[in-house]
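Source file entry-v4.tsv; content: TSV, C-alpha atoms.
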```tsv
chain	number	residue	atom	x	y	z
A	758	MET	CA	-42.73	-76.08	-24.41
A	759	ASN	CA	-45.45	-73.43	-24.47
A	760	PHE	CA	-48.77	-74.86	-25.65
A	761	LEU	CA	-50.74	-71.64	-25.17
A	762	ALA	CA	-52.01	-69.63	-28.10
A	763	LYS	CA	-50.36	-66.24	-28.64
A	764	ARG	CA	-53.72	-64.51	-28.15
A	765	VAL	CA	-53.69	-65.50	-24.47
A	766	SER	CA	-50.49	-63.54	-23.84
A	767	ASN	CA	-51.90	-60.56	-25.75
A	768	ILE	CA	-54.67	-59.98	-23.21
A	769	LYS	CA	-54.78	-59.43	-19.48
A	770	PRO	CA	-57.17	-60.76	-16.83
A	771	SER	CA	-60.00	-58.40	-15.88
A	772	PRO	CA	-58.51	-55.84	-13.45
A	773	THR	CA	-61.83	-55.43	-11.64
A	774	ILE	CA	-62.08	-59.18	-11.05
A	775	ALA	CA	-58.42	-59.20	-9.98
A	776	ALA	CA	-59.06	-56.41	-7.45
A	777	THR	CA	-62.09	-58.26	-6.08
A	778	ALA	CA	-60.09	-61.49	-5.83
A	779	LYS	CA	-57.24	-59.75	-3.98
A	780	ALA	CA	-59.70	-58.26	-1.51
A	781	ALA	CA	-61.34	-61.67	-1.02
A	782	GLU	CA	-57.94	-63.23	-0.32
A	783	LEU	CA	-57.20	-60.66	2.39
A	784	LYS	CA	-60.67	-61.20	3.85
A	785	SER	CA	-60.04	-64.95	3.99
A	786	ASN	CA	-56.98	-64.15	6.12
A	787	GLY	CA	-59.23	-62.48	8.65
A	788	LEU	CA	-58.76	-58.87	7.57
A	789	ASP	CA	-61.70	-56.46	7.48
A	790	VAL	CA	-61.40	-55.45	3.83
A	791	ILE	CA	-64.04	-53.22	2.25
A	792	GLY	CA	-64.43	-54.02	-1.44
A	793	LEU	CA	-65.27	-51.08	-3.66
A	794	GLY	CA	-64.07	-52.74	-6.84
A	795	ALA	CA	-67.01	-54.81	-8.05
A	796	GLY	CA	-69.61	-53.33	-10.40
A	797	GLU	CA	-72.52	-55.19	-8.89
A	798	PRO	CA	-75.65	-53.85	-7.14
A	799	ASP	CA	-75.94	-55.02	-3.55
A	800	PHE	CA	-79.73	-55.21	-3.80
A	801	ASP	CA	-81.51	-58.54	-4.28
A	802	THR	CA	-83.24	-59.47	-7.53
A	803	PRO	CA	-86.90	-58.31	-7.31
A	804	VAL	CA	-89.32	-61.00	-6.12
A	805	HIS	CA	-91.52	-61.06	-9.24
A	806	ILE	CA	-88.46	-61.88	-11.35
A	807	LYS	CA	-87.40	-64.71	-9.05
A	808	ASP	CA	-90.97	-66.01	-9.07
A	809	ALA	CA	-90.92	-66.12	-12.88
A	810	ALA	CA	-87.75	-68.22	-12.76
A	811	ILE	CA	-89.34	-70.64	-10.28
A	812	GLU	CA	-92.40	-70.89	-12.49
A	813	ALA	CA	-90.21	-71.60	-15.51
A	814	ILE	CA	-88.54	-74.45	-13.62
A	815	ASN	CA	-91.81	-75.89	-12.36
A	816	SER	CA	-93.41	-75.76	-15.81
A	817	GLY	CA	-90.51	-77.55	-17.46
A	818	LYS	CA	-89.04	-74.61	-19.40
A	819	THR	CA	-85.58	-76.09	-18.91
A	820	LYS	CA	-84.72	-77.35	-22.40
A	821	TYR	CA	-82.67	-75.90	-25.24
A	822	THR	CA	-84.12	-72.77	-26.79
A	823	ALA	CA	-83.42	-70.94	-30.04
A	824	VAL	CA	-79.73	-70.07	-30.13
A	825	ASP	CA	-80.18	-66.33	-29.72
A	826	GLY	CA	-83.23	-66.25	-27.47
A	827	ILE	CA	-86.85	-67.26	-27.05
A	828	LYS	CA	-89.47	-65.45	-29.08
A	829	GLU	CA	-91.32	-64.32	-25.95
A	830	LEU	CA	-88.27	-62.50	-24.59
A	831	LYS	CA	-87.41	-61.01	-27.98
A	832	ASN	CA	-90.95	-59.65	-28.25
A	833	GLN	CA	-90.52	-57.95	-24.89
A	834	ILE	CA	-87.12	-56.55	-25.90
A	835	SER	CA	-88.62	-55.21	-29.12
A	836	LYS	CA	-91.36	-53.51	-27.08
A	837	LYS	CA	-88.78	-52.06	-24.68
A	838	PHE	CA	-86.76	-50.55	-27.54
A	839	LYS	CA	-89.91	-49.01	-29.04
A	840	ASP	CA	-91.39	-47.71	-25.78
A	841	ASP	CA	-88.20	-46.46	-24.13
A	842	ASN	CA	-85.92	-45.61	-27.04
A	843	GLU	CA	-88.24	-44.96	-30.01
A	844	ILE	CA	-86.46	-47.62	-32.10
A	845	ASP	CA	-88.29	-50.23	-34.16
A	846	TYR	CA	-86.49	-53.59	-34.19
A	847	SER	CA	-88.09	-56.72	-35.63
A	848	LEU	CA	-87.40	-60.07	-33.96
A	849	ASN	CA	-84.84	-60.82	-36.67
A	850	GLU	CA	-82.97	-57.70	-35.55
A	851	ILE	CA	-82.69	-58.78	-31.90
A	852	THR	CA	-80.25	-61.14	-30.21
A	853	VAL	CA	-80.05	-62.46	-26.65
A	854	GLY	CA	-76.73	-63.58	-25.20
A	855	THR	CA	-75.19	-64.94	-22.03
A	856	GLY	CA	-74.67	-61.51	-20.50
A	857	GLY	CA	-73.93	-58.21	-22.16
A	858	LYS	CA	-70.28	-59.18	-22.54
A	859	GLN	CA	-71.09	-62.09	-24.86
A	860	VAL	CA	-73.25	-59.86	-27.04
A	861	LEU	CA	-70.37	-57.41	-27.51
A	862	TYR	CA	-67.89	-60.21	-28.08
A	863	ASN	CA	-70.12	-61.93	-30.66
A	864	ALA	CA	-70.41	-58.69	-32.64
A	865	LEU	CA	-66.66	-58.13	-32.70
A	866	MET	CA	-65.92	-61.75	-33.62
A	867	ALA	CA	-68.49	-61.62	-36.40
A	868	THR	CA	-67.09	-58.50	-38.06
A	869	ILE	CA	-63.41	-57.87	-37.34
A	870	ASN	CA	-60.67	-58.98	-39.71
A	871	ASN	CA	-56.96	-58.82	-38.99
A	872	GLY	CA	-55.85	-55.20	-38.77
A	873	ASP	CA	-59.31	-53.66	-38.42
A	874	GLU	CA	-59.39	-50.80	-35.92
A	875	VAL	CA	-61.88	-50.20	-33.14
A	876	ILE	CA	-62.07	-46.77	-31.51
A	877	VAL	CA	-62.32	-47.16	-27.74
A	878	PRO	CA	-62.79	-43.89	-25.83
A	879	ALA	CA	-60.79	-43.84	-22.58
A	880	PRO	CA	-61.58	-44.19	-19.77
A	881	TYR	CA	-63.23	-47.41	-20.94
A	882	TRP	CA	-64.76	-50.54	-19.48
A	883	VAL	CA	-61.80	-52.83	-18.94
A	884	SER	CA	-62.94	-55.59	-21.33
A	885	TYR	CA	-63.38	-53.53	-24.51
A	886	PRO	CA	-59.74	-53.45	-25.71
A	887	ASP	CA	-59.05	-57.08	-24.86
A	888	MET	CA	-62.15	-58.30	-26.67
A	889	VAL	CA	-60.99	-56.38	-29.75
A	890	ILE	CA	-57.56	-58.02	-29.50
A	891	LEU	CA	-59.11	-61.48	-29.13
A	892	ALA	CA	-61.05	-60.78	-32.33
A	893	ASP	CA	-57.72	-60.00	-34.09
A	894	GLY	CA	-58.40	-56.28	-34.25
A	895	ASN	CA	-56.48	-53.21	-33.09
A	896	PRO	CA	-58.00	-51.10	-30.30
A	897	VAL	CA	-57.41	-47.40	-30.94
A	898	ILE	CA	-57.56	-45.66	-27.58
A	899	ALA	CA	-59.08	-42.19	-27.82
A	900	LYS	CA	-58.26	-40.39	-24.59
A	901	CYS	CA	-61.06	-38.19	-23.25
A	902	GLU	CA	-60.15	-35.39	-20.87
A	903	GLU	CA	-61.61	-34.65	-17.45
A	904	LYS	CA	-62.39	-31.10	-18.65
A	905	ASP	CA	-64.80	-32.71	-21.16
A	906	ASP	CA	-66.35	-34.87	-18.40
A	907	PHE	CA	-64.37	-37.82	-19.79
A	908	LYS	CA	-66.61	-37.85	-22.87
A	909	LEU	CA	-65.71	-38.29	-26.52
A	910	THR	CA	-65.87	-35.05	-28.49
A	911	PRO	CA	-66.52	-34.79	-32.26
A	912	GLU	CA	-62.97	-33.49	-32.70
A	913	ILE	CA	-61.37	-36.46	-30.93
A	914	LEU	CA	-63.62	-38.88	-32.82
A	915	GLU	CA	-62.78	-37.39	-36.22
A	916	LYS	CA	-59.07	-37.41	-35.41
A	917	ASN	CA	-59.11	-41.14	-34.66
A	918	ILE	CA	-61.15	-42.39	-37.64
A	919	THR	CA	-59.07	-43.94	-40.43
A	920	SER	CA	-59.82	-46.08	-43.48
A	921	LYS	CA	-59.24	-49.12	-41.22
A	922	THR	CA	-61.82	-48.13	-38.60
A	923	LYS	CA	-64.46	-50.86	-38.27
A	924	TRP	CA	-66.20	-49.89	-35.00
A	925	LEU	CA	-66.65	-47.11	-32.48
A	926	ILE	CA	-67.65	-48.25	-28.98
A	927	LEU	CA	-69.79	-45.76	-27.06
A	928	ASN	CA	-70.82	-46.39	-23.43
A	929	SER	CA	-73.39	-44.18	-21.69
A	930	PRO	CA	-73.73	-43.87	-18.73
A	931	SER	CA	-70.11	-44.86	-18.47
A	932	ASN	CA	-68.25	-47.48	-16.58
A	933	PRO	CA	-65.95	-46.25	-14.96
A	934	THR	CA	-66.87	-42.54	-14.79
A	935	GLY	CA	-70.65	-42.68	-14.34
A	936	VAL	CA	-71.18	-39.84	-16.85
A	937	GLY	CA	-73.82	-39.99	-19.57
A	938	TYR	CA	-73.98	-38.31	-22.96
A	939	GLU	CA	-76.56	-35.57	-23.42
A	940	GLU	CA	-78.79	-35.62	-26.50
A	941	GLU	CA	-76.94	-32.68	-28.09
A	942	GLU	CA	-73.59	-34.37	-27.55
A	943	LEU	CA	-74.81	-37.51	-29.32
A	944	LYS	CA	-76.16	-35.42	-32.19
A	945	LYS	CA	-72.76	-33.81	-32.72
A	946	LEU	CA	-71.03	-37.19	-32.70
A	947	SER	CA	-73.62	-38.51	-35.15
A	948	VAL	CA	-72.72	-35.79	-37.65
A	949	VAL	CA	-69.14	-37.12	-37.76
A	950	LEU	CA	-70.38	-40.71	-38.01
A	951	GLU	CA	-72.71	-39.88	-40.91
A	952	LYS	CA	-69.67	-38.62	-42.82
A	953	ASN	CA	-67.93	-41.97	-42.29
A	954	PRO	CA	-70.30	-44.70	-43.56
A	955	HIS	CA	-67.65	-47.42	-43.17
A	956	VAL	CA	-67.78	-47.15	-39.36
A	957	LEU	CA	-70.08	-49.37	-37.30
A	958	ILE	CA	-71.15	-48.15	-33.84
A	959	MET	CA	-71.51	-50.33	-30.77
A	960	VAL	CA	-73.65	-48.52	-28.21
A	961	ASP	CA	-73.43	-49.99	-24.70
A	962	ASP	CA	-76.47	-48.79	-22.73
A	963	MET	CA	-76.17	-51.22	-19.80
A	964	TYR	CA	-76.74	-48.46	-17.20
A	965	GLU	CA	-79.67	-46.85	-19.01
A	966	TYR	CA	-82.07	-46.83	-16.05
A	967	LEU	CA	-79.47	-45.81	-13.45
A	968	THR	CA	-79.40	-42.02	-13.80
A	969	TYR	CA	-79.69	-39.07	-11.41
A	970	ASP	CA	-80.27	-35.32	-11.22
A	971	ASN	CA	-82.99	-35.37	-13.88
A	972	PHE	CA	-80.52	-36.60	-16.50
A	973	SER	CA	-82.52	-37.64	-19.56
A	974	PHE	CA	-81.08	-40.81	-21.08
A	975	THR	CA	-80.89	-40.91	-24.88
A	976	THR	CA	-79.37	-43.53	-27.14
A	977	LEU	CA	-77.67	-42.87	-30.48
A	978	VAL	CA	-80.29	-44.22	-32.92
A	979	GLN	CA	-82.93	-42.27	-31.01
A	980	VAL	CA	-81.24	-38.99	-31.98
A	981	ASN	CA	-80.24	-39.98	-35.52
A	982	LYS	CA	-82.31	-42.63	-37.28
A	983	ASN	CA	-80.01	-42.42	-40.32
A	984	LEU	CA	-77.43	-44.43	-38.39
A	985	LYS	CA	-79.75	-47.34	-37.52
A	986	ASP	CA	-78.32	-49.70	-40.15
A	987	ARG	CA	-74.83	-49.32	-38.63
A	988	VAL	CA	-75.61	-49.30	-34.91
A	989	LEU	CA	-75.75	-52.22	-32.50
A	990	THR	CA	-77.74	-51.03	-29.48
A	991	CYS	CA	-76.63	-53.21	-26.56
A	992	ASN	CA	-78.23	-53.59	-23.16
A	993	GLY	CA	-79.04	-56.16	-20.49
A	994	VAL	CA	-80.76	-56.88	-17.20
A	995	SER	CA	-77.67	-57.23	-14.99
A	996	LYS	CA	-77.32	-53.78	-13.44
A	997	SER	CA	-80.75	-52.12	-13.36
A	998	PHE	CA	-82.63	-55.29	-12.40
A	999	CYS	CA	-79.95	-56.59	-10.00
A	1000	MET	CA	-79.47	-59.73	-12.09
A	1001	THR	CA	-75.70	-59.88	-12.59
A	1002	GLY	CA	-75.51	-63.63	-11.98
A	1003	TRP	CA	-78.42	-64.45	-14.28
A	1004	ARG	CA	-76.25	-63.61	-17.30
A	1005	ILE	CA	-78.66	-62.15	-19.85
A	1006	GLY	CA	-77.70	-59.41	-22.29
A	1007	TYR	CA	-79.41	-58.36	-25.50
A	1008	ALA	CA	-79.03	-56.10	-28.50
A	1009	GLY	CA	-80.86	-54.70	-31.48
A	1010	GLY	CA	-79.14	-54.14	-34.81
A	1011	PRO	CA	-79.17	-54.75	-38.56
A	1012	GLU	CA	-80.40	-58.21	-39.50
A	1013	TRP	CA	-77.18	-59.20	-41.30
A	1014	LEU	CA	-75.18	-58.55	-38.13
A	1015	ILE	CA	-77.64	-60.24	-35.78
A	1016	LYS	CA	-77.62	-63.32	-38.01
A	1017	ALA	CA	-73.82	-63.44	-37.99
A	1018	MET	CA	-73.71	-63.02	-34.21
A	1019	SER	CA	-76.15	-65.91	-33.82
A	1020	LYS	CA	-73.87	-68.04	-35.97
A	1021	ILE	CA	-70.93	-67.26	-33.66
A	1022	GLN	CA	-73.02	-68.00	-30.58
A	1023	SER	CA	-74.21	-71.31	-32.02
A	1024	GLN	CA	-70.62	-72.54	-31.95
A	1025	SER	CA	-69.77	-71.26	-28.48
A	1026	THR	CA	-72.50	-71.38	-25.83
A	1027	SER	CA	-75.61	-72.04	-27.91
A	1028	ASN	CA	-78.67	-70.57	-26.20
A	1029	PRO	CA	-78.53	-68.47	-23.01
A	1030	ASN	CA	-79.91	-70.12	-19.88
A	1031	SER	CA	-83.57	-70.89	-20.53
A	1032	ILE	CA	-84.73	-70.12	-16.99
A	1033	ALA	CA	-82.89	-66.78	-16.94
A	1034	GLN	CA	-84.56	-65.87	-20.23
A	1035	TRP	CA	-88.03	-66.31	-18.77
A	1036	ALA	CA	-86.99	-64.33	-15.70
A	1037	SER	CA	-85.68	-61.56	-17.97
A	1038	LYS	CA	-88.98	-61.44	-19.83
A	1039	ALA	CA	-90.69	-60.87	-16.47
A	1040	ALA	CA	-88.14	-58.17	-15.64
A	1041	LEU	CA	-88.75	-56.21	-18.83
A	1042	GLU	CA	-92.52	-56.49	-18.81
A	1043	GLY	CA	-93.06	-56.09	-15.06
A	1044	GLU	CA	-93.44	-53.08	-12.84
A	1045	MET	CA	-90.29	-51.16	-12.02
A	1046	THR	CA	-91.33	-49.51	-8.76
A	1047	PHE	CA	-88.36	-51.19	-7.06
A	1048	LEU	CA	-86.06	-49.02	-9.16
A	1049	LYS	CA	-87.02	-45.79	-7.36
A	1050	SER	CA	-85.88	-47.03	-3.96
A	1051	ASN	CA	-82.67	-48.41	-5.50
A	1052	LEU	CA	-81.96	-45.10	-7.23
A	1053	ASP	CA	-82.69	-43.14	-4.07
A	1054	ALA	CA	-80.18	-45.28	-2.20
A	1055	PHE	CA	-77.59	-45.01	-4.97
A	1056	GLU	CA	-77.99	-41.24	-5.20
A	1057	LYS	CA	-77.55	-40.83	-1.45
A	1058	ARG	CA	-74.41	-42.99	-1.57
A	1059	ARG	CA	-73.04	-41.12	-4.58
A	1060	ASN	CA	-73.46	-37.76	-2.86
A	1061	PHE	CA	-71.82	-39.04	0.32
A	1062	VAL	CA	-68.84	-40.57	-1.51
A	1063	VAL	CA	-68.20	-37.54	-3.73
A	1064	GLU	CA	-68.40	-35.14	-0.78
A	1065	GLY	CA	-66.17	-37.39	1.32
A	1066	LEU	CA	-63.51	-37.78	-1.36
A	1067	ASN	CA	-63.42	-34.05	-2.05
A	1068	ASN	CA	-62.67	-33.49	1.63
A	1069	VAL	CA	-59.53	-35.65	1.36
A	1070	ASP	CA	-56.39	-33.61	0.73
A	1071	GLY	CA	-54.97	-34.56	-2.67
A	1072	LEU	CA	-58.17	-36.01	-4.15
A	1073	LYS	CA	-60.73	-34.40	-6.48
A	1074	CYS	CA	-63.95	-36.04	-7.59
A	1075	LYS	CA	-66.54	-34.93	-10.14
A	1076	MET	CA	-70.23	-35.62	-9.57
A	1077	PRO	CA	-71.44	-38.25	-12.10
A	1078	ASN	CA	-75.01	-38.46	-13.37
A	1079	GLY	CA	-75.36	-42.20	-13.88
A	1080	ALA	CA	-74.33	-45.79	-13.06
A	1081	PHE	CA	-72.87	-46.45	-9.58
A	1082	TYR	CA	-69.24	-45.40	-9.96
A	1083	VAL	CA	-67.10	-42.38	-9.25
A	1084	PHE	CA	-63.72	-41.75	-10.89
A	1085	PRO	CA	-61.70	-39.47	-8.63
A	1086	ASN	CA	-58.47	-37.73	-9.62
A	1087	CYS	CA	-55.55	-38.72	-7.36
A	1088	GLU	CA	-52.83	-36.59	-8.98
A	1089	GLY	CA	-52.51	-34.64	-5.74
A	1090	VAL	CA	-51.14	-37.63	-3.82
A	1091	LEU	CA	-48.59	-38.74	-6.40
A	1092	GLY	CA	-44.99	-38.12	-5.46
A	1093	LYS	CA	-45.81	-38.39	-1.76
A	1094	LYS	CA	-44.29	-41.00	0.56
A	1095	THR	CA	-46.07	-43.63	2.61
A	1096	PRO	CA	-45.19	-44.07	6.30
A	1097	LYS	CA	-42.93	-46.94	5.17
A	1098	GLY	CA	-41.03	-44.64	2.84
A	1099	LYS	CA	-42.44	-45.81	-0.48
A	1100	VAL	CA	-43.05	-43.10	-3.08
A	1101	LEU	CA	-46.44	-43.22	-4.79
A	1102	ASN	CA	-45.61	-42.86	-8.48
A	1103	SER	CA	-48.94	-43.91	-10.01
A	1104	ASP	CA	-52.62	-44.50	-9.39
A	1105	SER	CA	-51.75	-48.21	-9.11
A	1106	ASP	CA	-49.35	-47.41	-6.26
A	1107	TYR	CA	-52.04	-45.39	-4.50
A	1108	CYS	CA	-54.66	-48.15	-4.88
A	1109	ASP	CA	-52.17	-50.69	-3.53
A	1110	TYR	CA	-51.55	-48.39	-0.57
A	1111	LEU	CA	-55.29	-48.01	0.08
A	1112	LEU	CA	-55.67	-51.79	0.10
A	1113	GLU	CA	-52.59	-52.68	2.12
A	1114	GLU	CA	-52.80	-49.91	4.71
A	1115	GLY	CA	-56.46	-48.88	4.61
A	1116	LEU	CA	-58.01	-52.24	3.75
A	1117	VAL	CA	-60.09	-50.57	1.02
A	1118	ALA	CA	-60.15	-52.24	-2.41
A	1119	THR	CA	-60.44	-49.93	-5.43
A	1120	VAL	CA	-59.36	-50.17	-9.08
A	1121	PRO	CA	-56.62	-47.93	-10.54
A	1122	GLY	CA	-57.42	-45.69	-13.49
A	1123	ILE	CA	-54.73	-47.29	-15.65
A	1124	ALA	CA	-56.98	-50.37	-15.83
A	1125	PHE	CA	-59.52	-48.16	-17.62
A	1126	GLY	CA	-56.93	-46.50	-19.86
A	1127	LEU	CA	-56.61	-43.17	-18.05
A	1128	SER	CA	-54.38	-42.01	-15.20
A	1129	PRO	CA	-54.08	-40.58	-12.56
A	1130	TYR	CA	-57.52	-41.72	-11.43
A	1131	PHE	CA	-59.13	-44.63	-9.63
A	1132	ARG	CA	-62.60	-46.14	-9.66
A	1133	ILE	CA	-64.88	-46.64	-6.69
A	1134	SER	CA	-68.13	-48.56	-6.92
A	1135	TYR	CA	-70.65	-47.28	-4.40
A	1136	ALA	CA	-72.93	-50.28	-4.93
A	1137	THR	CA	-72.43	-51.39	-1.35
A	1138	SER	CA	-73.95	-50.57	2.05
A	1139	ASP	CA	-73.95	-47.12	3.64
A	1140	ILE	CA	-72.00	-48.52	6.58
A	1141	ASN	CA	-69.27	-49.90	4.31
A	1142	LEU	CA	-69.03	-46.61	2.44
A	1143	GLU	CA	-68.77	-44.61	5.67
A	1144	LYS	CA	-65.97	-46.86	6.92
A	1145	ALA	CA	-64.23	-46.79	3.52
A	1146	ILE	CA	-64.21	-42.99	3.20
A	1147	GLU	CA	-62.94	-42.67	6.77
A	1148	ARG	CA	-60.13	-45.14	6.04
A	1149	ILE	CA	-59.22	-43.45	2.75
A	1150	GLU	CA	-58.99	-40.10	4.53
A	1151	ASN	CA	-56.96	-41.52	7.43
A	1152	VAL	CA	-54.32	-43.30	5.35
A	1153	THR	CA	-54.08	-40.48	2.79
A	1154	ASN	CA	-53.44	-38.00	5.58
A	1155	LYS	CA	-50.44	-40.11	6.62
A	1156	LEU	CA	-48.69	-39.42	3.31
A	1157	THR	CA	-45.86	-36.89	3.40
```
Rewrite the structure from the file as structure tokens, please.
Amino acid sequence: MNFLAKRVSNIKPSPTIAATAKAAELKSNGLDVIGLGAGEPDFDTPVHIKDAAIEAINSGKTKYTAVDGIKELKNQISKKFKDDNEIDYSLNEITVGTGGKQVLYNALMATINNGDEVIVPAPYWVSYPDMVILADGNPVIAKCEEKDDFKLTPEILEKNITSKTKWLILNSPSNPTGVGYEEEELKKLSVVLEKNPHVLIMVDDMYEYLTYDNFSFTTLVQVNKNLKDRVLTCNGVSKSFCMTGWRIGYAGGPEWLIKAMSKIQSQSTSNPNSIAQWASKAALEGEMTFLKSNLDAFEKRRNFVVEGLNNVDGLKCKMPNGAFYVFPNCEGVLGKKTPKGKVLNSDSDYCDYLLEEGLVATVPGIAFGLSPYFRISYATSDINLEKAIERIENVTNKLT
């Protein structure tokens, strides 16, 4: 007898977590596996943030808090939105969740009815479609071409909007491609969205501070204030502040939505970790000088990885302007045979080959909704990246 709910079979485990787990298993068997699958900075959390957490513990700030965040943190989030993004959100328009993922999930659970559609541009972060499915909605995958830098165009957006569309999810800079939307590109998308007032927009800005080459980050409400009542502007401290394990995400949006999201959260986790909230307040209000050295290191790694991949016969890699990922095209290796005689028919086959023969863990593009590509996270040491690129080149050159 099967006791599991049908929804469990409708979703898949996170492919990025699966890739990391597979690499860890091989490592536990004594193999020197280099993991390039996890989207996690290898830098430590800045000292002043850790000190704020210690102070919170020592001063007894370890009890339940308001379900969707302490007032002190919300005040700092409100200030951040105003100072960095030119958006005015009152405290009633701000929510704090247990990581960015919970914030997104709460919003979908609070709004989606059976049959509602959510436009998910591909390549997408792996969790978007499955969260929509868990909320009883239908993800509508809008494929974005490499020639358009993997970004949603007004034409593709308009083509995918129907009377059933409830949300559009927009991620910039993107996981997995690392590309960010320019201000003019957002303006053009906003024109289409203004013509469709029944569509809500979920803007995922998690990589806001991680940009390169003088890219100027802009968020949707910043370029079109007319959309503010329909936009949920999501963010968090995980990536930029090296706080992935602290699990704090936040968002600003219309009060009716924030209230509904709080209601959902009250019946799942209740408040986010109290200590992590105080640490996050320190992160948002403190100096960010640490970010420059992190960005310098990331940029150097990005340049090295892109150059290295483009020197591998059969691979092509565009230069991204944000996050810490690259999304190379592996079409040139498909159809080739491994030394053991296996034909590589897909990006999944190629990633399996890289892991089994090269001991380099990556994530296939199909996990992000677009083939034939694969994702590499360069949020690891220079030494690991040098070894990884050398291994990728060596094993790829063995294909015939």
Each residue of region 873-910 of chain A lying at most 10 Å from region 1074-1097 of chain A should get a row with its shortest atom-to-atom pair and the distance in Å to one decimal, counting all atoms listed in the file; could you produce that, ordered by chain and increasing number, as CSV?
```
residue,atom,partner,partner_atom,distance
A:Pro880,CA,A:Phe1084,CA,9.5
A:Glu903,CA,A:Lys1075,CA,8.8
A:Asp906,CA,A:Lys1075,CA,8.3
A:Phe907,CA,A:Phe1084,CA,9.8
```
Subject >> Residue contacts of region 855-861 of chain A (7 Å, only C-alpha atoms) excluding same-chain residues fewer than 5 positions away, as a list of chain:residue names >> reply: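 Everything that qualifies: A:Asn992, A:Gly993, A:Arg1004, A:Ile1005, A:Gly1006, A:Tyr1007, A:Pro1029.
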Considering all atoms listed in the file, give me a table of residues in region 895-995 of chain A that are at most 10 Å from region 873-877 of chain A, with the closest atom pair and distance in Å for each, as a Markdown table.
```
| residue | atom | partner | partner_atom | distance |
| --- | --- | --- | --- | --- |
| A:Asn895 | CA | A:Glu874 | CA | 4.7 |
| A:Pro896 | CA | A:Val875 | CA | 4.9 |
| A:Val897 | CA | A:Ile876 | CA | 4.7 |
| A:Ile898 | CA | A:Val877 | CA | 5.0 |
| A:Ala899 | CA | A:Val877 | CA | 5.9 |
| A:Lys900 | CA | A:Val877 | CA | 8.5 |
| A:Leu909 | CA | A:Val877 | CA | 9.6 |
| A:Leu914 | CA | A:Ile876 | CA | 8.1 |
| A:Asn917 | CA | A:Ile876 | CA | 7.1 |
| A:Ile918 | CA | A:Ile876 | CA | 7.6 |
| A:Thr919 | CA | A:Glu874 | CA | 8.2 |
| A:Ser920 | CA | A:Glu874 | CA | 8.9 |
| A:Lys921 | CA | A:Asp873 | CA | 5.3 |
| A:Thr922 | CA | A:Glu874 | CA | 4.5 |
| A:Lys923 | CA | A:Glu874 | CA | 5.6 |
| A:Trp924 | CA | A:Val875 | CA | 4.7 |
| A:Leu925 | CA | A:Ile876 | CA | 4.7 |
| A:Ile926 | CA | A:Val877 | CA | 5.6 |
| A:Leu927 | CA | A:Val877 | CA | 7.6 |
| A:Asn928 | CA | A:Val877 | CA | 9.6 |
| A:Val956 | CA | A:Val875 | CA | 9.1 |
| A:Leu957 | CA | A:Val875 | CA | 9.2 |
| A:Ile958 | CA | A:Ile876 | CA | 9.5 |
| A:Met959 | CA | A:Val875 | CA | 9.9 |
```
Go ahead and dump the residues you just picked, C-alpha atoms, as a compact mmCIF listing (two decimals), keeping the file's coordinate frame.
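Result written to part-v4.txt:
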```txt
# COMPACT_ATOMS: atom_id res chain seq x y z
CA ASN A 895 -56.48 -53.21 -33.09
CA PRO A 896 -58.00 -51.10 -30.30
CA VAL A 897 -57.41 -47.40 -30.94
CA ILE A 898 -57.56 -45.66 -27.58
CA ALA A 899 -59.08 -42.19 -27.82
CA LYS A 900 -58.26 -40.39 -24.59
CA LEU A 909 -65.71 -38.29 -26.52
CA LEU A 914 -63.62 -38.88 -32.82
CA ASN A 917 -59.11 -41.14 -34.66
CA ILE A 918 -61.15 -42.39 -37.64
CA THR A 919 -59.07 -43.94 -40.43
CA SER A 920 -59.82 -46.08 -43.48
CA LYS A 921 -59.24 -49.12 -41.22
CA THR A 922 -61.82 -48.13 -38.60
CA LYS A 923 -64.46 -50.86 -38.27
CA TRP A 924 -66.20 -49.89 -35.00
CA LEU A 925 -66.65 -47.11 -32.48
CA ILE A 926 -67.65 -48.25 -28.98
CA LEU A 927 -69.79 -45.76 -27.06
CA ASN A 928 -70.82 -46.39 -23.43
CA VAL A 956 -67.78 -47.15 -39.36
CA LEU A 957 -70.08 -49.37 -37.30
CA ILE A 958 -71.15 -48.15 -33.84
CA MET A 959 -71.51 -50.33 -30.77
```
Original post:
Just how far from CA of Glu902 (chain A) is CA of Val949 (chain A), in Å to one decimal?
Top reply: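 Atom-to-atom, CA of Val949 (chain A) and CA of Glu902 (chain A) are spaced 19.2 Å apart.
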Subject >> Among listed residues A:Ser1019, A:Asn971, A:Thr819, A:Ser1027, nearest Leu1052 (chain A) (using all atoms listed in the file) >> reply: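 Among the listed residues, the smallest separation from Leu1052 (chain A) belongs to A:Asn971.
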**OP:** Show which residues sit within 7 Å of Glu1012 (chain A), as an NGL selection string. Count only C-alpha atoms, and ignore same-chain residues fewer than 3 positions away.
**Re:** :A and (849-850 or 1015-1016)
With 5 Å on each side, where is the centre of the axis-aligned box around all listed atoms of region 761-774 of chain A, and how long are its edges in Å to one decimal, as lines of an AutoDock Vina configuration file?
```
center_x = -56.2
center_y = -63.5
center_z = -19.8
size_x = 21.7
size_y = 26.2
size_z = 27.6
```
**OP:** Would you be able to write out as a ChimeraX atom specification which residues have an atom within 9 Å of (-80.5, -65.3, -33.8) in the file's coordinates, counting only C-alpha atoms?
**Re:** /A:823-826,848-853,1015-1020,1022-1023
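Closest approach to Lys769 (chain A) among A:Ser1105, A:Ser847, A:Gln833, A:Ser884: A:Ser884, based on all atoms listed in the file.
Each of A:Asn870, A:Thr1157, A:Ser766, A:Asn1028 was checked against Ala892 (chain A) using only C-alpha atoms; the smallest atom-to-atom distance is that of A:Asn870.
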